[in-house]
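The structure appears right after this line, and notes come after that.
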Amino acid sequence: MTTQQAQSRGALGSLAFALSTSVPGIHSAAIEDGELVVRTSRDRLLALMGLLRDDPRYACEQMMDLCGVDYPARAERFEVVYNLLSVTRNHRVRVIVTTDETNPVPSVHHLWPCATWWERECYDLFGVLFSGQPDLRRILTDYGFEGHPLRKDFPLTGYVEMRYDEDRRQVVYEPVKLTQDFRNFDFESPWEGILTLPGDEKAHESRQGLKLPR
């Protein structure tokens, strides 16, 4: 570890200690893989985010992104992860809250206007609700799409497939059909000229009426 890295880690450790001891509602604040990770509750999220943005010790001027993580076995299955950047202090802070399908997370669009795009994406792909968000619409999936495709219980094939119908001259939606046609497999290797693959010596012997040396 270089001197600069050690100093940076020490500074982040001081921030983690300050958050965990002086800010109410913090479940944990620690250094994980070289970054400051803070876990808090939904009802304390806005106060914490305002502090991280406005307090000169943290100075997180930018929210780089917001993403969701799905843990179906948990009572609050979703983690909402905020990645903040301080250009002034040259550090990053990751904030994590948990929720479920029905309890909304407070929107932070009034702190970082770009959050609207990220919150819409998280709602679209995971179904996480954001209270106070004036434009909570889908952003990646199509009109009328049902379900949230990044949930772990969403089928990989989806529920419908889309194609362009030449007769109707429009895009149509149909139930997914995965037809497995009967196929004859040729196990010969034409690019190497191998007629008997490793492990098939007995089958080759039977076909050719040969007896291999023991």
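A note on labels: chains of the structure tokens are A, B, ... as shown, every chain counts residues from 1, and ligands are counted from 1 in their shown order.
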Exercise. Once DSSP has gone over the backbone, tell me which residues of stretch 37-152 of chain A are in strand (DSSP E or B), as a ChimeraX atom specification.
Key: /A:37-40,62-70,78-86,91-99,105-106,130-131
Applying 6 Å and only C-alpha atoms, which residues near stretch 31-37 of chain A remain after dropping the ones on its own chain fewer than 6 positions away? List them as a tab-separated table (two decimals) with N, CA and C atoms, in the first residue's frame.
```tsv
chain	number	residue	atom	x	y	z
A	93	VAL	N	-18.56	7.61	-1.64
A	93	VAL	CA	-19.35	7.09	-0.54
A	93	VAL	C	-20.50	6.28	-1.12
A	94	ARG	N	-20.68	5.06	-0.62
A	94	ARG	CA	-21.78	4.21	-1.06
A	94	ARG	C	-22.79	4.11	0.08
A	95	VAL	N	-24.03	4.45	-0.23
A	95	VAL	CA	-25.11	4.40	0.77
A	95	VAL	C	-26.09	3.30	0.37
```
Exercise. Quick one: everything within 8 Å of A:Cys122, counting only C-alpha atoms, minus sequence neighbours fewer than 5 positions away in the same chain. Send it as a list of chain:residue names.
Key: A:Leu66, A:Cys67, A:Gly68, A:Gly127, A:Val128
Residues as selected, C-alpha atoms, written as a short mmCIF file (atom, residue, chain, number, x, y, z; two decimals), in the first residue's frame, can you do that?
```cif
data_model
loop_
_atom_site.label_atom_id
_atom_site.label_comp_id
_atom_site.auth_asym_id
_atom_site.auth_seq_id
_atom_site.Cartn_x
_atom_site.Cartn_y
_atom_site.Cartn_z
CA LEU A 66 -28.28 4.32 -8.20
CA CYS A 67 -28.86 0.61 -8.61
CA GLY A 68 -30.86 -2.22 -7.11
CA GLY A 127 -40.25 -2.60 -8.99
CA VAL A 128 -38.85 -0.47 -6.17
#
```
Practice problem: Determine which residues of stretch 47-183 of chain A receive a DSSP assignment of helix (DSSP H, G or I), computed from the backbone, and state them as number ranges by chain. | Solution: A: 47-54, 115-126
Quiz item: In Å to one decimal, how far is atom CA of A:Phe145 from atom CA of A:Gln170?
Solution: 17.0 Å
Quiz item: So which residues touch A:Pro104 within 8 Å, counting only C-alpha atoms, skipping near sequence neighbours fewer than 5 positions away, as JSON, numbers by chain?
Solution: {"A": [99, 128, 129, 130, 131]}
Exercise. Quick one: pull the distance between atom CA of A:Met63 and atom CA of A:Pro106, Å, one decimal.
Key: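 Atom CA of A:Pro106 lies at a distance of 15.2 Å from atom CA of A:Met63.
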Counting only C-alpha atoms, what is within 9 Å of A:Arg151, bar same-chain residues fewer than 3 positions away, as a short mmCIF file (atom, residue, chain, number, x, y, z; two decimals) with all heavy atoms, in the first residue's frame?
```
data_model
loop_
_atom_site.label_atom_id
_atom_site.label_comp_id
_atom_site.auth_asym_id
_atom_site.auth_seq_id
_atom_site.Cartn_x
_atom_site.Cartn_y
_atom_site.Cartn_z
N VAL A 69 -30.42 -4.29 -5.96
CA VAL A 69 -29.96 -5.67 -5.81
C VAL A 69 -31.12 -6.46 -5.20
O VAL A 69 -31.79 -5.96 -4.28
CB VAL A 69 -28.72 -5.78 -4.90
CG1 VAL A 69 -28.18 -7.21 -4.91
CG2 VAL A 69 -27.65 -4.79 -5.31
N ASP A 70 -31.37 -7.65 -5.70
CA ASP A 70 -32.51 -8.45 -5.26
C ASP A 70 -32.03 -9.67 -4.48
O ASP A 70 -31.25 -10.47 -4.99
CB ASP A 70 -33.35 -8.88 -6.47
CG ASP A 70 -34.62 -9.61 -6.07
OD1 ASP A 70 -35.00 -9.53 -4.89
OD2 ASP A 70 -35.23 -10.26 -6.94
N TYR A 71 -32.52 -9.80 -3.24
CA TYR A 71 -32.27 -10.97 -2.41
C TYR A 71 -33.63 -11.55 -2.03
O TYR A 71 -34.19 -11.19 -0.98
CB TYR A 71 -31.47 -10.61 -1.16
CG TYR A 71 -30.11 -10.04 -1.44
CD1 TYR A 71 -29.89 -8.66 -1.51
CD2 TYR A 71 -29.01 -10.88 -1.63
CE1 TYR A 71 -28.64 -8.14 -1.76
CE2 TYR A 71 -27.75 -10.37 -1.88
CZ TYR A 71 -27.56 -8.99 -1.95
OH TYR A 71 -26.32 -8.48 -2.20
N PRO A 72 -34.21 -12.42 -2.84
CA PRO A 72 -35.59 -12.87 -2.63
C PRO A 72 -35.84 -13.54 -1.28
O PRO A 72 -36.98 -13.52 -0.78
CB PRO A 72 -35.82 -13.86 -3.78
CG PRO A 72 -34.81 -13.50 -4.81
CD PRO A 72 -33.62 -13.01 -4.06
N LEU A 125 -36.91 -1.94 -13.49
CA LEU A 125 -36.26 -3.25 -13.53
C LEU A 125 -36.47 -4.07 -12.26
O LEU A 125 -36.40 -5.30 -12.31
CB LEU A 125 -34.77 -3.07 -13.79
CG LEU A 125 -34.42 -2.36 -15.11
CD1 LEU A 125 -32.92 -2.27 -15.29
CD2 LEU A 125 -35.05 -3.07 -16.30
N PHE A 126 -36.70 -3.40 -11.12
CA PHE A 126 -36.87 -4.13 -9.86
C PHE A 126 -38.25 -3.94 -9.23
O PHE A 126 -38.64 -4.72 -8.36
CB PHE A 126 -35.81 -3.70 -8.85
CG PHE A 126 -34.42 -4.16 -9.18
CD1 PHE A 126 -33.55 -3.32 -9.88
CD2 PHE A 126 -33.96 -5.40 -8.81
CE1 PHE A 126 -32.27 -3.73 -10.20
CE2 PHE A 126 -32.67 -5.82 -9.12
CZ PHE A 126 -31.83 -4.99 -9.82
N GLY A 127 -38.96 -2.88 -9.61
CA GLY A 127 -40.25 -2.60 -8.99
C GLY A 127 -40.15 -1.86 -7.68
O GLY A 127 -41.12 -1.81 -6.91
N GLY A 147 -44.30 -6.95 -15.17
CA GLY A 147 -43.22 -7.53 -14.39
C GLY A 147 -41.99 -6.63 -14.36
O GLY A 147 -41.95 -5.55 -14.95
N HIS A 148 -40.97 -7.11 -13.66
CA HIS A 148 -39.72 -6.35 -13.49
C HIS A 148 -38.56 -7.30 -13.78
O HIS A 148 -38.26 -8.19 -12.97
CB HIS A 148 -39.66 -5.78 -12.08
CG HIS A 148 -40.86 -4.93 -11.76
ND1 HIS A 148 -40.97 -3.63 -12.19
CD2 HIS A 148 -42.01 -5.21 -11.08
CE1 HIS A 148 -42.13 -3.13 -11.76
NE2 HIS A 148 -42.77 -4.07 -11.10
N PHE A 154 -38.00 -13.45 -11.90
CA PHE A 154 -38.50 -13.19 -13.25
C PHE A 154 -37.86 -14.20 -14.20
O PHE A 154 -36.64 -14.37 -14.20
CB PHE A 154 -38.16 -11.76 -13.69
CG PHE A 154 -38.85 -11.33 -14.96
CD1 PHE A 154 -40.11 -10.77 -14.92
CD2 PHE A 154 -38.23 -11.48 -16.19
CE1 PHE A 154 -40.76 -10.37 -16.08
CE2 PHE A 154 -38.85 -11.09 -17.35
CZ PHE A 154 -40.12 -10.53 -17.30
N PRO A 155 -38.66 -14.92 -15.03
CA PRO A 155 -38.07 -15.95 -15.89
C PRO A 155 -37.11 -15.36 -16.91
O PRO A 155 -37.34 -14.27 -17.45
CB PRO A 155 -39.30 -16.58 -16.58
CG PRO A 155 -40.36 -15.54 -16.49
CD PRO A 155 -40.12 -14.81 -15.21
#
```
Practice problem: Would you mind reading off the distance between atom CA of A:Arg138 and atom CA of A:Leu150, one decimal, in Å? | Solution: 13.3 Å
Quiz item: Which neighbours of A:Ser41 fall inside 12 Å, counting only C-alpha atoms, when residues of the same chain fewer than 4 positions from it are skipped, and could you give them as a ChimeraX atom specification?
Solution: /A:24-28,45-49,76,79-80,95-99,103-106
Quiz item: Of the candidates A:Cys114, A:Arg44, A:Ala11, A:Asp124, which shows the shortest atom-to-atom distance to A:Val23, using only C-alpha atoms?
Solution: A:Arg44
Self-check item: Pick from A:Val176, A:Ser20, A:Trp118, A:Arg89, whichever lies nearest to A:Glu161 using only C-alpha atoms
Solution: A:Val176
